[in-house]
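Asker: Structure file my_file-v5.pdb, PDB, C-alpha atoms, is pasted below:
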```pdb
ATOM      1  CA  GLU K   4      12.453 -51.648 -52.400
ATOM      2  CA  ALA K   5      10.374 -54.394 -53.935
ATOM      3  CA  GLY K   6      12.240 -57.447 -55.137
ATOM      4  CA  VAL K   7      12.020 -59.368 -58.385
ATOM      5  CA  ALA K   8       8.522 -60.739 -58.882
ATOM      6  CA  GLN K   9       7.710 -63.901 -60.811
ATOM      7  CA  SER K  10       4.507 -65.693 -61.625
ATOM      8  CA  PRO K  11       3.182 -68.259 -61.527
ATOM      9  CA  ARG K  12       5.129 -69.923 -58.728
ATOM     10  CA  TYR K  13       4.169 -73.408 -59.836
ATOM     11  CA  LYS K  14       2.946 -74.861 -63.096
ATOM     12  CA  ILE K  15       2.144 -78.397 -64.174
ATOM     13  CA  ILE K  16       1.563 -79.131 -67.857
ATOM     14  CA  GLU K  17       1.592 -82.101 -70.168
ATOM     15  CA  LYS K  18       4.293 -82.545 -72.768
ATOM     16  CA  ARG K  19       3.686 -80.761 -76.040
ATOM     17  CA  GLN K  20       1.647 -78.069 -74.296
ATOM     18  CA  SER K  21       2.797 -74.470 -74.094
ATOM     19  CA  VAL K  22       3.545 -72.387 -71.025
ATOM     20  CA  ALA K  23       4.577 -68.820 -70.237
ATOM     21  CA  PHE K  24       6.353 -67.304 -67.271
ATOM     22  CA  TRP K  25       6.340 -63.662 -66.254
ATOM     23  CA  CYS K  26       9.002 -61.596 -64.526
ATOM     24  CA  ASN K  27       8.925 -58.066 -63.155
ATOM     25  CA  PRO K  28      12.424 -56.878 -62.242
ATOM     26  CA  ILE K  29      13.443 -54.401 -59.593
ATOM     27  CA  SER K  30      12.468 -50.895 -60.619
ATOM     28  CA  GLY K  31      15.179 -49.202 -62.618
ATOM     29  CA  HIS K  32      17.173 -52.344 -63.349
ATOM     30  CA  ALA K  33      18.098 -52.339 -67.005
ATOM     31  CA  THR K  34      19.519 -55.866 -67.152
ATOM     32  CA  LEU K  35      17.321 -58.926 -66.846
ATOM     33  CA  TYR K  36      18.337 -62.582 -66.866
ATOM     34  CA  TRP K  37      16.418 -65.837 -67.214
ATOM     35  CA  TYR K  38      18.050 -68.946 -65.747
ATOM     36  CA  GLN K  39      16.994 -72.592 -65.873
ATOM     37  CA  GLN K  40      17.699 -74.658 -62.756
ATOM     38  CA  ILE K  41      17.244 -78.384 -63.235
ATOM     39  CA  LEU K  42      16.947 -80.444 -60.063
ATOM     40  CA  GLY K  43      20.389 -81.180 -58.647
ATOM     41  CA  GLN K  44      22.147 -78.610 -60.816
ATOM     42  CA  GLY K  45      23.089 -74.976 -60.583
ATOM     43  CA  PRO K  46      21.233 -72.309 -62.518
ATOM     44  CA  LYS K  47      22.124 -72.024 -66.194
ATOM     45  CA  LEU K  48      21.697 -68.798 -68.109
ATOM     46  CA  LEU K  49      19.104 -68.968 -70.871
ATOM     47  CA  ILE K  50      18.891 -65.362 -72.005
ATOM     48  CA  GLN K  51      20.006 -61.907 -70.964
ATOM     49  CA  PHE K  52      18.348 -58.595 -71.843
ATOM     50  CA  GLN K  53      19.741 -55.109 -71.638
ATOM     51  CA  ASN K  54      16.679 -52.863 -71.620
ATOM     52  CA  ASN K  55      14.596 -54.450 -74.399
ATOM     53  CA  GLY K  56      17.499 -55.825 -76.414
ATOM     54  CA  VAL K  57      18.978 -59.323 -76.239
ATOM     55  CA  VAL K  58      22.598 -59.451 -75.056
ATOM     56  CA  ASP K  59      23.108 -63.212 -74.886
ATOM     57  CA  ASP K  60      20.761 -66.013 -75.906
ATOM     58  CA  SER K  61      23.394 -68.563 -76.865
ATOM     59  CA  GLN K  62      22.031 -71.170 -74.423
ATOM     60  CA  LEU K  63      18.359 -70.684 -75.291
ATOM     61  CA  PRO K  64      16.813 -73.630 -77.207
ATOM     62  CA  LYS K  65      15.306 -71.407 -79.835
ATOM     63  CA  ASP K  66      13.267 -74.147 -81.477
ATOM     64  CA  ARG K  67      10.973 -74.207 -78.458
ATOM     65  CA  PHE K  68      11.899 -71.355 -76.131
ATOM     66  CA  SER K  69      11.262 -67.666 -76.727
ATOM     67  CA  ALA K  70      11.531 -64.588 -74.561
ATOM     68  CA  GLU K  71      10.697 -60.954 -74.859
ATOM     69  CA  ARG K  72      11.022 -57.734 -72.936
ATOM     70  CA  LEU K  73       9.007 -55.350 -75.026
ATOM     71  CA  LYS K  74       9.149 -52.140 -72.987
ATOM     72  CA  GLY K  75      12.403 -52.790 -71.206
ATOM     73  CA  VAL K  76      10.661 -53.676 -67.953
ATOM     74  CA  ASP K  77       8.624 -56.876 -67.627
ATOM     75  CA  SER K  78       9.691 -60.008 -69.412
ATOM     76  CA  THR K  79       7.974 -63.183 -70.552
ATOM     77  CA  LEU K  80       9.608 -66.556 -71.191
ATOM     78  CA  LYS K  81       7.626 -69.046 -73.264
ATOM     79  CA  ILE K  82       8.071 -72.733 -74.004
ATOM     80  CA  GLN K  83       6.205 -74.276 -76.921
ATOM     81  CA  PRO K  84       5.982 -77.227 -77.127
ATOM     82  CA  ALA K  85       7.222 -78.398 -73.742
ATOM     83  CA  LYS K  86       9.271 -81.560 -73.287
ATOM     84  CA  LEU K  87       9.751 -83.681 -70.209
ATOM     85  CA  GLU K  88      13.316 -82.410 -69.853
ATOM     86  CA  ASP K  89      12.041 -78.854 -69.474
ATOM     87  CA  SER K  90      10.943 -79.679 -65.940
ATOM     88  CA  ALA K  91      12.943 -77.235 -63.847
ATOM     89  CA  VAL K  92      12.793 -74.035 -61.852
ATOM     90  CA  TYR K  93      12.961 -70.930 -64.010
ATOM     91  CA  LEU K  94      14.633 -68.059 -62.233
ATOM     92  CA  CYS K  95      14.527 -64.433 -63.212
ATOM     93  CA  ALA K  96      17.184 -62.008 -62.006
ATOM     94  CA  SER K  97      17.814 -58.324 -62.525
ATOM     95  CA  ARG K  98      20.828 -56.111 -62.115
ATOM     96  CA  GLY K  99      21.305 -52.412 -61.707
ATOM     97  CA  THR K 100      24.257 -50.288 -62.708
ATOM     98  CA  SER K 101      25.543 -49.450 -59.252
ATOM     99  CA  GLY K 102      26.134 -51.034 -55.880
ATOM    100  CA  GLY K 103      28.464 -53.795 -56.949
ATOM    101  CA  TYR K 104      26.530 -54.960 -59.996
ATOM    102  CA  GLU K 105      24.853 -57.674 -57.973
ATOM    103  CA  GLN K 106      22.152 -59.835 -59.528
ATOM    104  CA  TYR K 107      18.917 -60.034 -57.536
ATOM    105  CA  PHE K 108      16.861 -63.183 -57.982
ATOM    106  CA  GLY K 109      13.150 -63.770 -57.926
ATOM    107  CA  PRO K 110      11.567 -66.795 -56.180
ATOM    108  CA  GLY K 111      11.348 -68.749 -59.405
ATOM    109  CA  THR K 112       8.658 -70.711 -61.221
ATOM    110  CA  ARG K 113       8.705 -74.463 -60.736
ATOM    111  CA  LEU K 114       7.603 -76.194 -63.945
ATOM    112  CA  THR K 115       6.645 -79.844 -64.030
ATOM    113  CA  VAL K 116       6.080 -81.425 -67.437
ATOM    114  CA  THR K 117       4.249 -84.759 -67.334
TER     115      THR K 117
ATOM    116  CA  ALA F  14      35.276 -72.375 -70.962
ATOM    117  CA  GLN F  15      35.016 -71.189 -67.416
ATOM    118  CA  SER F  16      33.672 -73.764 -64.955
ATOM    119  CA  VAL F  17      32.977 -74.102 -61.258
ATOM    120  CA  THR F  18      33.299 -77.287 -59.217
ATOM    121  CA  GLN F  19      31.653 -77.776 -55.869
ATOM    122  CA  LEU F  20      32.863 -80.871 -54.058
ATOM    123  CA  GLY F  21      30.047 -82.808 -52.442
ATOM    124  CA  SER F  22      26.415 -82.454 -53.395
ATOM    125  CA  HIS F  23      25.383 -82.904 -49.752
ATOM    126  CA  LEU F  24      26.968 -81.994 -46.427
ATOM    127  CA  SER F  25      25.602 -82.941 -43.019
ATOM    128  CA  VAL F  26      26.910 -81.268 -39.865
ATOM    129  CA  SER F  27      25.796 -81.044 -36.268
ATOM    130  CA  GLU F  28      24.493 -77.798 -34.872
ATOM    131  CA  GLY F  29      27.473 -75.829 -33.572
ATOM    132  CA  ALA F  30      29.972 -77.577 -35.820
ATOM    133  CA  LEU F  31      32.186 -75.984 -38.438
ATOM    134  CA  VAL F  32      30.712 -75.608 -41.906
ATOM    135  CA  LEU F  33      33.092 -75.930 -44.863
ATOM    136  CA  LEU F  34      31.723 -75.818 -48.395
ATOM    137  CA  ARG F  35      34.267 -76.233 -51.155
ATOM    138  CA  CYS F  36      34.465 -74.398 -54.454
ATOM    139  CA  ASN F  37      37.128 -74.498 -57.154
ATOM    140  CA  TYR F  38      37.145 -72.574 -60.392
ATOM    141  CA  SER F  39      38.929 -73.141 -63.657
ATOM    142  CA  SER F  40      40.571 -70.048 -64.993
ATOM    143  CA  SER F  41      44.087 -68.776 -65.461
ATOM    144  CA  VAL F  42      42.826 -65.303 -64.658
ATOM    145  CA  PRO F  43      41.034 -65.088 -61.312
ATOM    146  CA  PRO F  44      37.374 -64.298 -61.940
ATOM    147  CA  TYR F  45      34.966 -62.510 -59.680
ATOM    148  CA  LEU F  46      33.621 -65.065 -57.197
ATOM    149  CA  PHE F  47      30.284 -65.348 -55.429
ATOM    150  CA  TRP F  48      28.468 -67.520 -52.953
ATOM    151  CA  TYR F  49      24.673 -67.675 -53.045
ATOM    152  CA  VAL F  50      22.257 -69.421 -50.700
ATOM    153  CA  GLN F  51      18.887 -70.837 -51.717
ATOM    154  CA  TYR F  52      16.304 -71.687 -49.091
ATOM    155  CA  PRO F  53      13.468 -74.061 -50.051
ATOM    156  CA  ASN F  54      11.075 -72.579 -52.585
ATOM    157  CA  GLN F  55      12.968 -69.301 -52.696
ATOM    158  CA  GLY F  56      15.283 -67.558 -55.099
ATOM    159  CA  LEU F  57      19.009 -67.150 -54.637
ATOM    160  CA  GLN F  58      20.376 -64.685 -52.099
ATOM    161  CA  LEU F  59      23.910 -63.332 -52.224
ATOM    162  CA  LEU F  60      26.011 -64.358 -49.218
ATOM    163  CA  LEU F  61      29.280 -62.731 -50.216
ATOM    164  CA  LYS F  62      31.490 -61.869 -53.154
ATOM    165  CA  TYR F  63      35.121 -61.384 -54.046
ATOM    166  CA  THR F  64      36.163 -58.957 -56.742
ATOM    167  CA  THR F  65      39.530 -57.487 -55.789
ATOM    168  CA  GLY F  66      41.431 -56.606 -52.641
ATOM    169  CA  ALA F  67      41.351 -58.539 -49.394
ATOM    170  CA  THR F  68      41.225 -62.267 -50.002
ATOM    171  CA  LEU F  69      39.183 -63.023 -46.885
ATOM    172  CA  VAL F  70      35.635 -61.908 -47.487
ATOM    173  CA  LYS F  71      32.971 -61.678 -44.819
ATOM    174  CA  GLY F  72      29.336 -62.093 -45.710
ATOM    175  CA  ILE F  73      25.949 -62.240 -44.116
ATOM    176  CA  ASN F  74      24.801 -64.719 -41.467
ATOM    177  CA  GLY F  75      28.335 -65.256 -40.148
ATOM    178  CA  PHE F  76      29.722 -66.788 -43.324
ATOM    179  CA  GLU F  77      33.103 -65.981 -44.801
ATOM    180  CA  ALA F  78      35.176 -67.179 -47.733
ATOM    181  CA  GLU F  79      38.827 -67.017 -48.626
ATOM    182  CA  PHE F  80      40.109 -66.568 -52.150
ATOM    183  CA  LYS F  81      43.267 -68.620 -52.762
ATOM    184  CA  LYS F  82      44.710 -67.968 -56.180
ATOM    185  CA  SER F  83      47.335 -70.698 -55.921
ATOM    186  CA  GLU F  84      44.638 -73.272 -55.258
ATOM    187  CA  THR F  85      41.998 -71.707 -57.546
ATOM    188  CA  SER F  86      39.625 -72.029 -54.615
ATOM    189  CA  PHE F  87      36.987 -69.969 -52.850
ATOM    190  CA  HIS F  88      35.772 -72.139 -49.974
ATOM    191  CA  LEU F  89      32.898 -70.980 -47.764
ATOM    192  CA  THR F  90      33.085 -71.407 -43.991
ATOM    193  CA  LYS F  91      31.102 -70.711 -40.868
ATOM    194  CA  PRO F  92      32.546 -71.483 -37.427
ATOM    195  CA  SER F  93      29.304 -72.695 -35.867
ATOM    196  CA  ALA F  94      26.328 -74.039 -37.787
ATOM    197  CA  HIS F  95      22.777 -73.068 -36.895
ATOM    198  CA  MET F  96      19.632 -74.942 -37.798
ATOM    199  CA  SER F  97      18.623 -71.958 -39.919
ATOM    200  CA  ASP F  98      21.666 -72.500 -42.154
ATOM    201  CA  ALA F  99      20.068 -75.566 -43.716
ATOM    202  CA  ALA F 100      19.778 -74.659 -47.391
ATOM    203  CA  GLU F 101      21.500 -75.149 -50.721
ATOM    204  CA  TYR F 102      24.651 -73.195 -51.413
ATOM    205  CA  PHE F 103      25.946 -72.244 -54.839
ATOM    206  CA  CYS F 104      29.343 -70.963 -55.836
ATOM    207  CA  ALA F 105      29.408 -68.798 -58.955
ATOM    208  CA  VAL F 106      31.958 -66.966 -61.066
ATOM    209  CA  ARG F 107      31.867 -64.007 -63.387
ATOM    210  CA  PRO F 108      34.759 -64.115 -65.810
ATOM    211  CA  VAL F 109      36.909 -60.995 -65.717
ATOM    212  CA  GLY F 110      36.344 -58.902 -68.791
ATOM    213  CA  ASP F 111      32.892 -60.338 -69.419
ATOM    214  CA  SER F 112      30.801 -57.252 -70.034
ATOM    215  CA  SER F 113      27.539 -59.161 -69.745
ATOM    216  CA  TYR F 114      28.086 -59.799 -66.027
ATOM    217  CA  LYS F 115      26.556 -63.248 -66.451
ATOM    218  CA  LEU F 116      27.207 -65.804 -63.738
ATOM    219  CA  ILE F 117      28.377 -69.391 -64.126
ATOM    220  CA  PHE F 118      27.181 -71.545 -61.257
ATOM    221  CA  GLY F 119      28.430 -74.708 -59.673
ATOM    222  CA  SER F 120      26.066 -77.608 -59.111
ATOM    223  CA  GLY F 121      25.400 -76.692 -55.497
ATOM    224  CA  THR F 122      25.863 -78.284 -52.069
ATOM    225  CA  ARG F 123      22.883 -78.996 -49.884
ATOM    226  CA  LEU F 124      23.650 -78.378 -46.216
ATOM    227  CA  LEU F 125      21.810 -80.345 -43.555
ATOM    228  CA  VAL F 126      22.185 -79.294 -39.929
ATOM    229  CA  ARG F 127      21.480 -81.949 -37.321
ATOM    230  CA  PRO F 128      20.240 -80.946 -33.875
TER     231      PRO F 128
END
```
Represent the structure contained in this file as structure tokens.
Answerer:
Amino acid sequence: EAGVAQSPRYKIIEKRQSVAFWCNPISGHATLYWYQQILGQGPKLLIQFQNNGVVDDSQLPKDRFSAERLKGVDSTLKIQPAKLEDSAVYLCASRGTSGGYEQYFGPGTRLTVT
Amino acid sequence: AQSVTQLGSHLSVSEGALVLLRCNYSSSVPPYLFWYVQYPNQGLQLLLKYTTGATLVKGINGFEAEFKKSETSFHLTKPSAHMSDAAEYFCAVRPVGDSSYKLIFGSGTRLLVRP
């Protein structure tokens, strides 16, 4: 089966600009996660969706970050305006409801804010 | 709050040597425990996991980990390192009873394998 797809793979923007990342989860996976991985740190959960509803967004900086999953499949994470400290890899993961409840990760989008 | 500590941000071993990556968790109730590997410019791949049952867990690529409740540890080992094992390794926990199944990650250990 196809894995989690993310695009773009790399993005360089200037501070105060906006940027959007796209994620397509594994087919049939109802749960989707966005993680932020800053260099030298482990991934940190930003937001979790169950179908098209938000389960947990307690760690999402809502003044600048937003995310949506309109049809319960693809998801978009947006940053507006970007700050230097947003430079990180943004990982998308999805999880099914069987097989050990494992999260499957996409390759990530590496964002550099200059 | 639940946390995960990985001792050592970097580990360098010779090819063929034992690999030992350390992970400790903070919880009075043993959580579900995971080890993930991340190769350069790739996402995370599950190596192994512990939920219940046998405390010695075998994973892919010859890795295994042992859950020790008394030490709140879940160290990852491999008897003989290969060059292809060079990557970053993350320990993660999922708190028991957390219906969101979210993972809390440690800060990672980068493994370097010397020829």
Asker: Do you have, as JSON lines, the list of residues of chain K lying at most 10 Å from chain F, each with its nearest atom pair and that distance in Å to one decimal, counting all atoms listed in the file and ordered by chain then number?
Answerer:
```
{"residue": "K:Val7", "atom": "CA", "partner": "F:Gly56", "partner_atom": "CA", "distance": 9.4}
{"residue": "K:Arg12", "atom": "CA", "partner": "F:Asn54", "partner_atom": "CA", "distance": 9.0}
{"residue": "K:Thr34", "atom": "CA", "partner": "F:Ser113", "partner_atom": "CA", "distance": 9.0}
{"residue": "K:Tyr36", "atom": "CA", "partner": "F:Lys115", "partner_atom": "CA", "distance": 8.3}
{"residue": "K:Tyr38", "atom": "CA", "partner": "F:Leu116", "partner_atom": "CA", "distance": 9.9}
{"residue": "K:Gln40", "atom": "CA", "partner": "F:Ser120", "partner_atom": "CA", "distance": 9.6}
{"residue": "K:Ile41", "atom": "CA", "partner": "F:Ser120", "partner_atom": "CA", "distance": 9.8}
{"residue": "K:Leu42", "atom": "CA", "partner": "F:Ser120", "partner_atom": "CA", "distance": 9.6}
{"residue": "K:Gly43", "atom": "CA", "partner": "F:Ser120", "partner_atom": "CA", "distance": 6.7}
{"residue": "K:Gln44", "atom": "CA", "partner": "F:Ser120", "partner_atom": "CA", "distance": 4.4}
{"residue": "K:Gly45", "atom": "CA", "partner": "F:Ser120", "partner_atom": "CA", "distance": 4.2}
{"residue": "K:Pro46", "atom": "CA", "partner": "F:Phe118", "partner_atom": "CA", "distance": 6.1}
{"residue": "K:Lys47", "atom": "CA", "partner": "F:Phe118", "partner_atom": "CA", "distance": 7.1}
{"residue": "K:Leu48", "atom": "CA", "partner": "F:Lys115", "partner_atom": "CA", "distance": 7.6}
{"residue": "K:Ile50", "atom": "CA", "partner": "F:Lys115", "partner_atom": "CA", "distance": 9.7}
{"residue": "K:Gln51", "atom": "CA", "partner": "F:Lys115", "partner_atom": "CA", "distance": 8.1}
{"residue": "K:Phe52", "atom": "CA", "partner": "F:Ser113", "partner_atom": "CA", "distance": 9.4}
{"residue": "K:Gln53", "atom": "CA", "partner": "F:Ser113", "partner_atom": "CA", "distance": 9.0}
{"residue": "K:Val58", "atom": "CA", "partner": "F:Ser113", "partner_atom": "CA", "distance": 7.3}
{"residue": "K:Asp59", "atom": "CA", "partner": "F:Ser113", "partner_atom": "CA", "distance": 7.9}
{"residue": "K:Val92", "atom": "CA", "partner": "F:Asn54", "partner_atom": "CA", "distance": 9.5}
{"residue": "K:Tyr93", "atom": "CA", "partner": "F:Gly56", "partner_atom": "CA", "distance": 9.8}
{"residue": "K:Leu94", "atom": "CA", "partner": "F:Gly56", "partner_atom": "CA", "distance": 7.2}
{"residue": "K:Cys95", "atom": "CA", "partner": "F:Gly56", "partner_atom": "CA", "distance": 8.7}
{"residue": "K:Ala96", "atom": "CA", "partner": "F:Gly56", "partner_atom": "CA", "distance": 9.1}
{"residue": "K:Arg98", "atom": "CA", "partner": "F:Tyr114", "partner_atom": "CA", "distance": 9.0}
{"residue": "K:Gly103", "atom": "CA", "partner": "F:Thr64", "partner_atom": "CA", "distance": 9.3}
{"residue": "K:Tyr104", "atom": "CA", "partner": "F:Tyr114", "partner_atom": "CA", "distance": 7.9}
{"residue": "K:Glu105", "atom": "CA", "partner": "F:Leu59", "partner_atom": "CA", "distance": 8.1}
{"residue": "K:Gln106", "atom": "CA", "partner": "F:Leu59", "partner_atom": "CA", "distance": 8.3}
{"residue": "K:Tyr107", "atom": "CA", "partner": "F:Gln58", "partner_atom": "CA", "distance": 7.3}
{"residue": "K:Phe108", "atom": "CA", "partner": "F:Gly56", "partner_atom": "CA", "distance": 5.5}
{"residue": "K:Gly109", "atom": "CA", "partner": "F:Gly56", "partner_atom": "CA", "distance": 5.2}
{"residue": "K:Pro110", "atom": "CA", "partner": "F:Gly56", "partner_atom": "CA", "distance": 3.9}
{"residue": "K:Gly111", "atom": "CA", "partner": "F:Gly56", "partner_atom": "CA", "distance": 6.0}
{"residue": "K:Thr112", "atom": "CA", "partner": "F:Asn54", "partner_atom": "CA", "distance": 9.2}
{"residue": "K:Arg113", "atom": "CA", "partner": "F:Asn54", "partner_atom": "CA", "distance": 8.7}
```
Asker: Report the centre and edge lengths, in Å to one decimal, of an axis-aligned box enclosing every atom of region 96-113 of chain F listed in the file, padded by 5 Å on each side, as lines of an AutoDock Vina configuration file.
Answerer:
```
center_x = 27.8
center_y = -66.4
center_z = -53.9
size_x = 28.3
size_y = 28.3
size_z = 42.2
```
Asker: Considering all atoms listed in the file, return as a ChimeraX atom specification whatever protein or nucleic-acid residues lie within 12 Å of Lys81 (chain F), sequence-local ones (same chain, fewer than 3 positions apart) excluded.
Answerer: /F:35-38,43-44,46,63,67-70,78,84-89
Asker: Which value, in Å to one decimal, gives the distance between CA of Trp25 (chain K) and CA of Lys65 (chain K)?
Answerer: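 Atom-to-atom, CA of Trp25 (chain K) and CA of Lys65 (chain K) are spaced 18.0 Å apart.
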